[in-house]
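S.K.: Input file: my_file.cif. Contents: mmCIF, C-alpha atoms and all ligand atoms.
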data_data
#
loop_
_atom_site.group_PDB
_atom_site.id
_atom_site.type_symbol
_atom_site.label_atom_id
_atom_site.label_comp_id
_atom_site.auth_asym_id
_atom_site.auth_seq_id
_atom_site.Cartn_x
_atom_site.Cartn_y
_atom_site.Cartn_z
ATOM 1 C CA MET A 1 -30.069 -14.771 -5.093
ATOM 2 C CA GLN A 2 -26.345 -15.297 -4.536
ATOM 3 C CA LEU A 3 -24.153 -13.818 -7.288
ATOM 4 C CA LEU A 4 -21.864 -16.870 -7.593
ATOM 5 C CA TYR A 5 -24.215 -19.672 -6.565
ATOM 6 C CA ASN A 6 -22.557 -23.070 -7.161
ATOM 7 C CA LYS A 7 -19.610 -21.587 -9.078
ATOM 8 C CA VAL A 8 -16.207 -23.199 -8.585
ATOM 9 C CA ALA A 9 -13.554 -20.506 -8.104
ATOM 10 C CA ILE A 10 -9.790 -20.566 -7.605
ATOM 11 C CA ILE A 11 -8.324 -17.524 -5.856
ATOM 12 C CA THR A 12 -4.538 -17.341 -5.799
ATOM 13 C CA GLY A 13 -2.904 -15.507 -2.901
ATOM 14 C CA GLY A 14 -6.143 -16.075 -1.002
ATOM 15 C CA ALA A 15 -4.566 -16.334 2.446
ATOM 16 C CA SER A 16 -4.221 -12.624 3.103
ATOM 17 C CA GLY A 17 -5.200 -9.061 2.134
ATOM 18 C CA ILE A 18 -7.229 -8.596 -1.052
ATOM 19 C CA GLY A 19 -7.243 -12.343 -1.789
ATOM 20 C CA LYS A 20 -8.571 -13.207 1.665
ATOM 21 C CA ALA A 21 -11.393 -10.648 1.366
ATOM 22 C CA THR A 22 -12.172 -12.070 -2.090
ATOM 23 C CA CYS A 23 -12.347 -15.646 -0.745
ATOM 24 C CA GLN A 24 -14.744 -14.547 2.020
ATOM 25 C CA LEU A 25 -17.001 -12.575 -0.322
ATOM 26 C CA PHE A 26 -17.010 -15.324 -2.972
ATOM 27 C CA ALA A 27 -18.017 -17.903 -0.349
ATOM 28 C CA GLU A 28 -20.783 -15.602 1.000
ATOM 29 C CA GLN A 29 -22.072 -15.334 -2.556
ATOM 30 C CA GLY A 30 -22.341 -19.099 -2.945
ATOM 31 C CA ALA A 31 -19.027 -20.014 -4.612
ATOM 32 C CA LYS A 32 -17.038 -23.130 -3.795
ATOM 33 C CA VAL A 33 -13.701 -21.501 -3.091
ATOM 34 C CA ILE A 34 -10.252 -22.970 -3.670
ATOM 35 C CA ILE A 35 -7.609 -20.968 -1.829
ATOM 36 C CA ALA A 36 -4.179 -21.328 -3.484
ATOM 37 C CA ASP A 37 -1.346 -19.779 -1.508
ATOM 38 C CA VAL A 38 2.215 -20.465 -0.328
ATOM 39 C CA ASN A 39 1.267 -19.545 3.235
ATOM 40 C CA GLU A 40 -0.033 -22.845 4.604
ATOM 41 C CA GLU A 41 -0.859 -21.626 8.102
ATOM 42 C CA ALA A 42 -2.859 -18.541 7.048
ATOM 43 C CA GLY A 43 -4.455 -20.505 4.184
ATOM 44 C CA HIS A 44 -5.839 -23.124 6.570
ATOM 45 C CA VAL A 45 -7.126 -20.410 8.926
ATOM 46 C CA ILE A 46 -9.231 -18.756 6.210
ATOM 47 C CA GLU A 47 -10.371 -22.170 4.909
ATOM 48 C CA GLN A 48 -11.595 -23.051 8.419
ATOM 49 C CA GLN A 49 -13.328 -19.671 8.902
ATOM 50 C CA ILE A 50 -15.314 -20.164 5.683
ATOM 51 C CA VAL A 51 -16.216 -23.770 6.565
ATOM 52 C CA ASP A 52 -17.240 -22.710 10.105
ATOM 53 C CA ASP A 53 -19.637 -20.204 8.505
ATOM 54 C CA GLY A 54 -21.300 -23.164 6.748
ATOM 55 C CA ARG A 55 -19.751 -22.433 3.345
ATOM 56 C CA GLU A 56 -17.379 -24.340 1.076
ATOM 57 C CA ALA A 57 -13.600 -23.787 0.876
ATOM 58 C CA THR A 58 -10.496 -25.872 0.241
ATOM 59 C CA PHE A 59 -6.927 -24.771 0.763
ATOM 60 C CA VAL A 60 -4.305 -26.133 -1.639
ATOM 61 C CA LYS A 61 -0.747 -25.113 -0.827
ATOM 62 C CA THR A 62 0.609 -23.696 -4.083
ATOM 63 C CA ASP A 63 3.532 -21.613 -5.205
ATOM 64 C CA VAL A 64 1.949 -20.072 -8.299
ATOM 65 C CA SER A 65 5.336 -19.451 -9.894
ATOM 66 C CA SER A 66 6.008 -23.214 -10.057
ATOM 67 C CA SER A 67 4.478 -25.070 -12.998
ATOM 68 C CA GLU A 68 4.545 -28.386 -11.062
ATOM 69 C CA GLN A 69 2.652 -26.903 -8.107
ATOM 70 C CA VAL A 70 0.134 -25.172 -10.376
ATOM 71 C CA GLU A 71 -0.440 -28.503 -12.176
ATOM 72 C CA ASN A 72 -1.065 -30.137 -8.796
ATOM 73 C CA LEU A 73 -3.569 -27.364 -7.894
ATOM 74 C CA PHE A 74 -5.571 -27.881 -11.076
ATOM 75 C CA SER A 75 -5.537 -31.655 -10.790
ATOM 76 C CA GLU A 76 -6.894 -31.341 -7.211
ATOM 77 C CA VAL A 77 -9.676 -29.051 -8.466
ATOM 78 C CA GLN A 78 -10.506 -31.389 -11.367
ATOM 79 C CA LYS A 79 -10.613 -34.384 -9.014
ATOM 80 C CA ARG A 80 -12.847 -32.610 -6.526
ATOM 81 C CA TYR A 81 -15.218 -30.631 -8.760
ATOM 82 C CA GLY A 82 -14.613 -31.664 -12.386
ATOM 83 C CA LYS A 83 -15.132 -28.056 -13.480
ATOM 84 C CA LEU A 84 -13.897 -24.499 -12.979
ATOM 85 C CA ASP A 85 -15.985 -21.360 -13.490
ATOM 86 C CA ILE A 86 -13.759 -18.580 -12.139
ATOM 87 C CA LEU A 87 -10.034 -17.970 -11.758
ATOM 88 C CA CYS A 88 -8.816 -14.930 -9.825
ATOM 89 C CA ASN A 89 -5.080 -14.437 -10.374
ATOM 90 C CA ASN A 90 -4.391 -12.334 -7.298
ATOM 91 C CA ALA A 91 -1.106 -13.630 -5.785
ATOM 92 C CA GLY A 92 1.603 -11.022 -6.005
ATOM 93 C CA ILE A 93 4.622 -9.520 -4.300
ATOM 94 C CA GLY A 94 5.958 -5.989 -4.242
ATOM 95 C CA MET A 95 9.411 -4.466 -4.452
ATOM 96 C CA GLU A 96 10.715 -0.923 -4.025
ATOM 97 C CA LYS A 97 14.135 -0.417 -5.630
ATOM 98 C CA LEU A 98 15.809 2.084 -7.879
ATOM 99 C CA PHE A 99 15.886 0.538 -11.371
ATOM 100 C CA HIS A 100 19.639 -0.073 -11.736
ATOM 101 C CA ASN A 101 19.849 -1.682 -8.284
ATOM 102 C CA VAL A 102 17.496 -4.466 -9.339
ATOM 103 C CA ASP A 103 19.501 -7.646 -9.885
ATOM 104 C CA GLU A 104 18.521 -10.565 -12.102
ATOM 105 C CA GLU A 105 17.259 -12.550 -9.128
ATOM 106 C CA ASP A 106 14.869 -9.697 -8.183
ATOM 107 C CA TRP A 107 13.716 -9.377 -11.792
ATOM 108 C CA GLU A 108 12.962 -13.094 -12.037
ATOM 109 C CA ARG A 109 11.247 -13.373 -8.655
ATOM 110 C CA ILE A 110 8.939 -10.416 -9.277
ATOM 111 C CA HIS A 111 8.068 -11.433 -12.839
ATOM 112 C CA ASN A 112 7.655 -15.120 -11.938
ATOM 113 C CA VAL A 113 5.273 -14.498 -9.033
ATOM 114 C CA ASN A 114 3.346 -11.552 -10.520
ATOM 115 C CA LEU A 115 3.243 -12.344 -14.244
ATOM 116 C CA LYS A 116 4.374 -15.883 -15.099
ATOM 117 C CA SER A 117 1.860 -17.168 -12.513
ATOM 118 C CA VAL A 118 -0.993 -15.622 -14.526
ATOM 119 C CA TYR A 119 0.227 -17.536 -17.584
ATOM 120 C CA LEU A 120 0.753 -20.803 -15.656
ATOM 121 C CA CYS A 121 -2.680 -20.740 -13.971
ATOM 122 C CA SER A 122 -4.681 -19.398 -16.924
ATOM 123 C CA ARG A 123 -3.280 -21.888 -19.434
ATOM 124 C CA LEU A 124 -4.638 -24.723 -17.270
ATOM 125 C CA ALA A 125 -7.922 -22.938 -16.458
ATOM 126 C CA ILE A 126 -8.840 -22.176 -20.066
ATOM 127 C CA PRO A 127 -9.119 -25.771 -21.386
ATOM 128 C CA ILE A 128 -11.445 -26.622 -18.454
ATOM 129 C CA MET A 129 -13.530 -23.491 -19.118
ATOM 130 C CA LEU A 130 -13.665 -24.298 -22.849
ATOM 131 C CA GLU A 131 -15.033 -27.721 -21.992
ATOM 132 C CA ASN A 132 -17.639 -26.151 -19.659
ATOM 133 C CA GLY A 133 -18.800 -23.626 -22.265
ATOM 134 C CA GLY A 134 -17.208 -20.548 -20.673
ATOM 135 C CA GLY A 135 -15.824 -18.881 -17.593
ATOM 136 C CA SER A 136 -14.419 -15.722 -16.112
ATOM 137 C CA ILE A 137 -10.834 -14.777 -15.267
ATOM 138 C CA VAL A 138 -10.066 -11.752 -13.110
ATOM 139 C CA ASN A 139 -6.442 -10.669 -12.797
ATOM 140 C CA VAL A 140 -5.151 -8.356 -10.101
ATOM 141 C CA SER A 141 -2.892 -5.786 -11.738
ATOM 142 C CA SER A 142 -2.092 -2.374 -10.193
ATOM 143 C CA VAL A 143 -2.318 1.368 -10.832
ATOM 144 C CA ASN A 144 1.471 1.089 -11.233
ATOM 145 C CA ALA A 145 0.860 -0.625 -14.578
ATOM 146 C CA GLU A 146 -0.503 2.730 -15.800
ATOM 147 C CA SER A 147 1.472 5.218 -13.753
ATOM 148 C CA PRO A 148 4.491 3.840 -11.839
ATOM 149 C CA ARG A 149 5.593 5.335 -8.532
ATOM 150 C CA LYS A 150 9.274 6.083 -7.973
ATOM 151 C CA PHE A 151 11.227 2.866 -7.166
ATOM 152 C CA TYR A 152 8.430 0.706 -8.612
ATOM 153 C CA SER A 153 9.707 0.183 -12.190
ATOM 154 C CA ILE A 154 10.152 -3.603 -11.984
ATOM 155 C CA TYR A 155 6.850 -4.129 -10.153
ATOM 156 C CA ALA A 156 5.224 -1.866 -12.777
ATOM 157 C CA SER A 157 6.789 -3.956 -15.544
ATOM 158 C CA SER A 158 5.276 -7.146 -14.103
ATOM 159 C CA LYS A 159 1.844 -5.550 -13.624
ATOM 160 C CA GLY A 160 1.983 -3.894 -17.062
ATOM 161 C CA GLY A 161 2.439 -7.448 -18.366
ATOM 162 C CA VAL A 162 -0.612 -8.584 -16.388
ATOM 163 C CA SER A 163 -2.747 -5.807 -17.906
ATOM 164 C CA ALA A 164 -1.501 -6.565 -21.450
ATOM 165 C CA LEU A 165 -2.029 -10.304 -20.988
ATOM 166 C CA THR A 166 -5.570 -9.588 -19.756
ATOM 167 C CA LYS A 167 -6.447 -7.795 -22.996
ATOM 168 C CA GLY A 168 -4.736 -10.399 -25.203
ATOM 169 C CA MET A 169 -6.444 -13.342 -23.496
ATOM 170 C CA ALA A 170 -9.801 -11.554 -23.645
ATOM 171 C CA ILE A 171 -9.478 -11.223 -27.431
ATOM 172 C CA ASP A 172 -8.323 -14.841 -27.885
ATOM 173 C CA TYR A 173 -11.312 -16.337 -26.027
ATOM 174 C CA ALA A 174 -14.139 -13.786 -26.477
ATOM 175 C CA GLU A 175 -15.939 -16.039 -28.952
ATOM 176 C CA GLU A 176 -15.701 -18.968 -26.514
ATOM 177 C CA ASN A 177 -17.543 -17.106 -23.749
ATOM 178 C CA ILE A 178 -14.479 -16.732 -21.532
ATOM 179 C CA ARG A 179 -14.260 -13.182 -20.227
ATOM 180 C CA VAL A 180 -10.916 -11.870 -18.960
ATOM 181 C CA ASN A 181 -10.628 -8.616 -16.999
ATOM 182 C CA ALA A 182 -8.257 -6.967 -14.556
ATOM 183 C CA VAL A 183 -8.652 -4.801 -11.495
ATOM 184 C CA LEU A 184 -6.051 -2.103 -10.798
ATOM 185 C CA PRO A 185 -5.932 -1.437 -7.061
ATOM 186 C CA GLY A 186 -4.430 1.811 -5.850
ATOM 187 C CA CYS A 187 -3.291 2.037 -2.237
ATOM 188 C CA ILE A 188 -5.141 -0.613 -0.227
ATOM 189 C CA TYR A 189 -4.944 -0.760 3.563
ATOM 190 C CA THR A 190 -3.659 -4.277 4.274
ATOM 191 C CA GLU A 191 -1.487 -5.628 7.100
ATOM 192 C CA GLN A 192 1.551 -4.591 5.043
ATOM 193 C CA THR A 193 0.347 -0.989 4.725
ATOM 194 C CA LYS A 194 -0.322 -0.936 8.468
ATOM 195 C CA LYS A 195 3.180 -2.264 9.224
ATOM 196 C CA SER A 196 4.870 0.178 6.853
ATOM 197 C CA ILE A 197 3.106 3.090 8.633
ATOM 198 C CA GLU A 198 3.997 1.757 12.119
ATOM 199 C CA ASN A 199 7.621 1.003 11.222
ATOM 200 C CA SER A 200 8.335 4.269 9.429
ATOM 201 C CA PRO A 201 10.486 6.928 11.182
ATOM 202 C CA ASN A 202 7.490 9.291 11.386
ATOM 203 C CA PRO A 203 4.273 7.215 11.443
ATOM 204 C CA GLN A 204 1.902 10.224 11.455
ATOM 205 C CA GLN A 205 3.648 11.789 8.449
ATOM 206 C CA THR A 206 3.618 8.470 6.570
ATOM 207 C CA LYS A 207 -0.059 7.974 7.415
ATOM 208 C CA ASP A 208 -0.939 11.479 6.139
ATOM 209 C CA LEU A 209 1.046 10.825 2.971
ATOM 210 C CA ILE A 210 -0.730 7.523 2.332
ATOM 211 C CA TYR A 211 -4.176 9.013 3.015
ATOM 212 C CA ASN A 212 -3.565 12.078 0.833
ATOM 213 C CA MET A 213 -2.448 10.019 -2.176
ATOM 214 C CA GLN A 214 -6.135 9.585 -3.053
ATOM 215 C CA PRO A 215 -8.652 12.294 -3.927
ATOM 216 C CA LEU A 216 -10.973 10.327 -1.584
ATOM 217 C CA LYS A 217 -8.363 11.021 1.147
ATOM 218 C CA ARG A 218 -8.056 7.471 2.441
ATOM 219 C CA PRO A 219 -6.620 4.138 1.312
ATOM 220 C CA GLY A 220 -9.026 1.496 0.047
ATOM 221 C CA LYS A 221 -10.165 -1.558 1.983
ATOM 222 C CA PRO A 222 -9.464 -5.092 0.700
ATOM 223 C CA GLU A 223 -13.259 -5.669 0.567
ATOM 224 C CA GLU A 224 -13.629 -2.703 -1.798
ATOM 225 C CA VAL A 225 -11.330 -4.446 -4.297
ATOM 226 C CA ALA A 226 -13.047 -7.792 -3.656
ATOM 227 C CA LYS A 227 -16.419 -6.237 -4.559
ATOM 228 C CA LEU A 228 -15.108 -5.228 -7.996
ATOM 229 C CA ILE A 229 -13.575 -8.694 -8.472
ATOM 230 C CA ILE A 230 -16.863 -10.394 -7.607
ATOM 231 C CA PHE A 231 -18.780 -8.111 -9.992
ATOM 232 C CA LEU A 232 -16.361 -8.859 -12.859
ATOM 233 C CA ALA A 233 -16.453 -12.595 -12.088
ATOM 234 C CA SER A 234 -20.257 -12.674 -12.052
ATOM 235 C CA ASP A 235 -22.853 -12.610 -14.824
ATOM 236 C CA HIS A 236 -23.568 -8.966 -13.912
ATOM 237 C CA ALA A 237 -20.455 -8.183 -15.981
ATOM 238 C CA SER A 238 -21.595 -10.272 -18.970
ATOM 239 C CA PHE A 239 -20.710 -7.519 -21.506
ATOM 240 C CA ILE A 240 -17.325 -6.654 -19.975
ATOM 241 C CA THR A 241 -14.150 -8.282 -21.241
ATOM 242 C CA GLY A 242 -10.600 -7.036 -21.833
ATOM 243 C CA SER A 243 -11.104 -4.191 -19.336
ATOM 244 C CA CYS A 244 -8.538 -3.035 -16.777
ATOM 245 C CA ILE A 245 -10.507 -1.157 -14.151
ATOM 246 C CA PRO A 246 -8.919 1.020 -11.438
ATOM 247 C CA VAL A 247 -10.170 0.765 -7.859
ATOM 248 C CA ASP A 248 -8.060 3.571 -6.465
ATOM 249 C CA GLY A 249 -10.060 6.346 -4.770
ATOM 250 C CA GLY A 250 -9.514 8.548 -7.829
ATOM 251 C CA MET A 251 -5.709 8.311 -7.824
ATOM 252 C CA LEU A 252 -5.265 7.731 -11.576
ATOM 253 C CA ALA A 253 -7.804 10.401 -12.475
ATOM 254 C CA ARG A 254 -5.878 13.150 -10.707
ATOM 255 C CA SER A 255 -3.453 15.198 -12.772
ATOM 256 C CA VAL A 256 -0.270 16.655 -11.314
ATOM 257 C CA ILE A 257 -1.615 20.195 -11.620
ATOM 258 C CA SER A 258 -4.744 19.583 -9.546
ATOM 259 C CA GLN A 259 -3.425 17.770 -6.483
ATOM 260 C CA ASP A 260 -6.239 18.837 -4.172
HETATM 261 N N1 LIG B 1 -2.255 -3.714 -1.278
HETATM 262 C C1 LIG B 1 -2.135 -2.819 -2.232
HETATM 263 O O1 LIG B 1 -2.078 -1.612 -1.980
HETATM 264 C C2 LIG B 1 -2.062 -3.269 -3.679
HETATM 265 C C3 LIG B 1 -2.092 -2.295 -4.680
HETATM 266 C C4 LIG B 1 -2.043 -2.697 -6.004
HETATM 267 C C5 LIG B 1 -2.001 -4.029 -6.333
HETATM 268 N N2 LIG B 1 -1.946 -4.966 -5.347
HETATM 269 C C6 LIG B 1 -1.885 -6.367 -5.753
HETATM 270 O O2 LIG B 1 -2.926 -7.078 -5.121
HETATM 271 C C7 LIG B 1 -2.554 -8.429 -4.948
HETATM 272 C C8 LIG B 1 -2.774 -8.833 -3.503
HETATM 273 O O3 LIG B 1 -1.965 -8.000 -2.690
HETATM 274 P P1 LIG B 1 -2.205 -7.775 -1.127
HETATM 275 O O4 LIG B 1 -1.939 -6.369 -0.854
HETATM 276 O O5 LIG B 1 -3.486 -8.375 -0.717
HETATM 277 O O6 LIG B 1 -0.941 -8.580 -0.572
HETATM 278 P P2 LIG B 1 -0.761 -9.630 0.610
HETATM 279 O O7 LIG B 1 0.698 -9.762 0.809
HETATM 280 O O8 LIG B 1 -1.630 -9.288 1.767
HETATM 281 O O9 LIG B 1 -1.318 -10.981 -0.041
HETATM 282 C C9 LIG B 1 -0.654 -11.636 -1.075
HETATM 283 C C10 LIG B 1 -0.853 -13.123 -0.906
HETATM 284 O O10 LIG B 1 -0.149 -13.763 -1.977
HETATM 285 C C11 LIG B 1 0.546 -14.863 -1.417
HETATM 286 N N3 LIG B 1 1.692 -15.208 -2.271
HETATM 287 C C12 LIG B 1 2.857 -14.536 -2.409
HETATM 288 N N4 LIG B 1 3.670 -15.196 -3.254
HETATM 289 C C13 LIG B 1 2.988 -16.297 -3.652
HETATM 290 C C14 LIG B 1 3.303 -17.379 -4.496
HETATM 291 N N5 LIG B 1 4.497 -17.479 -5.112
HETATM 292 N N6 LIG B 1 2.384 -18.356 -4.687
HETATM 293 C C15 LIG B 1 1.169 -18.284 -4.050
HETATM 294 N N7 LIG B 1 0.837 -17.294 -3.225
HETATM 295 C C16 LIG B 1 1.729 -16.312 -3.024
HETATM 296 C C17 LIG B 1 0.974 -14.430 -0.025
HETATM 297 O O11 LIG B 1 1.272 -15.548 0.809
HETATM 298 C C18 LIG B 1 -0.256 -13.664 0.414
HETATM 299 O O12 LIG B 1 -1.189 -14.500 1.057
HETATM 300 C C19 LIG B 1 -1.096 -8.524 -5.406
HETATM 301 O O13 LIG B 1 -1.045 -9.003 -6.731
HETATM 302 C C20 LIG B 1 -0.624 -7.084 -5.346
HETATM 303 O O14 LIG B 1 0.446 -6.835 -6.235
HETATM 304 C C21 LIG B 1 -1.994 -4.626 -4.025
#
Go through the file and emit its structure as structure tokens.
M.R.:
Amino acid sequence: MQLLYNKVAIITGGASGIGKATCQLFAEQGAKVIIADVNEEAGHVIEQQIVDDGREATFVKTDVSSSEQVENLFSEVQKRYGKLDILCNNAGIGMEKLFHNVDEEDWERIHNVNLKSVYLCSRLAIPIMLENGGGSIVNVSSVNAESPRKFYSIYASSKGGVSALTKGMAIDYAEENIRVNAVLPGCIYTEQTKKSIENSPNPQQTKDLIYNMQPLKRPGKPEEVAKLIIFLASDHASFITGSCIPVDGGMLARSVISQD
């Protein structure tokens, strides 16, 4: 039996990395997937791959930080399916800067894409879920929400907001059968991680550093995050709400005095 048979699911940032793996796994598990992303070209590629595999996917070009575009996304989904079972708020961008070098434009961009988007999408998802008798929201936060790396303060602020919003929304809608959870990825090996290793002055040193950040001695794979997202989205997680769960190869569990 497929875990998400006949479920309608929106995945933001579904054109690449963790979101792409989530779209593929959701479709394999029977979901009708709506890919919402700013990247039109990559979004259509993944849509076509899923359709070619005999499964259901629709790409809707969406900047999740724009309330107009998010409204358009939800009206497309309503028109096409008339319901929504799952929302995965995954779209996000990173930034590495020393705190006092962050200007207002950086602050707004990071918080609008990473945090405001969760508000904009969830506030339209919830009324549809209420009408359907329930649903599941999975937000993609980060280990930085718990333990920020150097130069990651603003990113950590946006993801800390995502984790807090997850808990608050879970409490608000627990009695209405809407579960809200978050995953906290650690270092995940995406195209960006690959590029940052290749483009660094000493690729081998950077690779060793990235691998040794985890007690498991390797970065995670996008599919390993997607598997936690699918579990939380499914009825297998029926007693889990308001949880922020790391998927980090043990990174958050390690204390500074036991680095190996
Ligand atoms: N990769 C990691 O190591 C890691 C670790 C912790 C958390 N995360 C989080 O996981 C999520 C996915 O990251 P990823 O590594 O797969 O990144 P990625 O860059 O591969 O994918 C992000 C996707 O979001 C899309 N996107 C960016 N801005 C958008 C916007 N305004 N509207 C709609 N779509 C937009 C991009 O086009 C892209 O397809 C992000 O929220 C990120 O912060 C990633």
S.K.: Could you tell me which of A:Thr62, A:Ser234, A:Cys244, A:Met251 comes closest to Asn212 in chain A if we count all atoms listed in the file?
M.R.: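 Smallest distance to Asn212 in chain A is found for A:Met251.
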S.K.: Enumerate residues in contact with ligand LIG 1 (chain B): an atom-to-atom distance of at most 9 Å, counting all atoms listed in the file. Format the result as a short mmCIF file (atom, residue, chain, number, x, y, z; two decimals) with C-alpha atoms, in the coordinates of the input.
M.R.:
data_model
loop_
_atom_site.label_atom_id
_atom_site.label_comp_id
_atom_site.auth_asym_id
_atom_site.auth_seq_id
_atom_site.Cartn_x
_atom_site.Cartn_y
_atom_site.Cartn_z
CA THR A 12 -4.54 -17.34 -5.80
CA GLY A 13 -2.90 -15.51 -2.90
CA GLY A 14 -6.14 -16.08 -1.00
CA ALA A 15 -4.57 -16.33 2.45
CA SER A 16 -4.22 -12.62 3.10
CA GLY A 17 -5.20 -9.06 2.13
CA ILE A 18 -7.23 -8.60 -1.05
CA GLY A 19 -7.24 -12.34 -1.79
CA LYS A 20 -8.57 -13.21 1.66
CA ALA A 21 -11.39 -10.65 1.37
CA ALA A 36 -4.18 -21.33 -3.48
CA ASP A 37 -1.35 -19.78 -1.51
CA VAL A 38 2.22 -20.46 -0.33
CA ASN A 39 1.27 -19.55 3.24
CA GLU A 40 -0.03 -22.84 4.60
CA ALA A 42 -2.86 -18.54 7.05
CA GLY A 43 -4.46 -20.50 4.18
CA LYS A 61 -0.75 -25.11 -0.83
CA THR A 62 0.61 -23.70 -4.08
CA ASP A 63 3.53 -21.61 -5.20
CA VAL A 64 1.95 -20.07 -8.30
CA SER A 65 5.34 -19.45 -9.89
CA SER A 66 6.01 -23.21 -10.06
CA ASN A 89 -5.08 -14.44 -10.37
CA ASN A 90 -4.39 -12.33 -7.30
CA ALA A 91 -1.11 -13.63 -5.78
CA GLY A 92 1.60 -11.02 -6.00
CA ILE A 93 4.62 -9.52 -4.30
CA GLY A 94 5.96 -5.99 -4.24
CA ARG A 109 11.25 -13.37 -8.65
CA ASN A 112 7.66 -15.12 -11.94
CA VAL A 113 5.27 -14.50 -9.03
CA ASN A 114 3.35 -11.55 -10.52
CA SER A 117 1.86 -17.17 -12.51
CA ASN A 139 -6.44 -10.67 -12.80
CA VAL A 140 -5.15 -8.36 -10.10
CA SER A 141 -2.89 -5.79 -11.74
CA SER A 142 -2.09 -2.37 -10.19
CA VAL A 143 -2.32 1.37 -10.83
CA ASN A 144 1.47 1.09 -11.23
CA TYR A 155 6.85 -4.13 -10.15
CA LYS A 159 1.84 -5.55 -13.62
CA VAL A 183 -8.65 -4.80 -11.50
CA LEU A 184 -6.05 -2.10 -10.80
CA PRO A 185 -5.93 -1.44 -7.06
CA GLY A 186 -4.43 1.81 -5.85
CA CYS A 187 -3.29 2.04 -2.24
CA ILE A 188 -5.14 -0.61 -0.23
CA TYR A 189 -4.94 -0.76 3.56
CA THR A 190 -3.66 -4.28 4.27
CA GLU A 191 -1.49 -5.63 7.10
CA GLN A 192 1.55 -4.59 5.04
CA THR A 193 0.35 -0.99 4.72
CA PRO A 219 -6.62 4.14 1.31
CA GLY A 220 -9.03 1.50 0.05
CA LYS A 221 -10.16 -1.56 1.98
CA PRO A 222 -9.46 -5.09 0.70
CA VAL A 225 -11.33 -4.45 -4.30
CA ASP A 248 -8.06 3.57 -6.46
#
S.K.: By how many Å are CA of Arg179 in chain A and CA of Ser136 in chain A apart?
M.R.: 4.8 Å
S.K.: Interatomic distance between CA of Ala182 in chain A and CA of Leu165 in chain A?
M.R.: 9.6 Å
S.K.: Using all atoms listed in the file, which of the listed residues (A:Leu252, A:Leu3, A:Ala156, A:Ile230) sits closest to Gln214 in chain A?
M.R.: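 Ranked by minimum distance to Gln214 in chain A, first place goes to A:Leu252.
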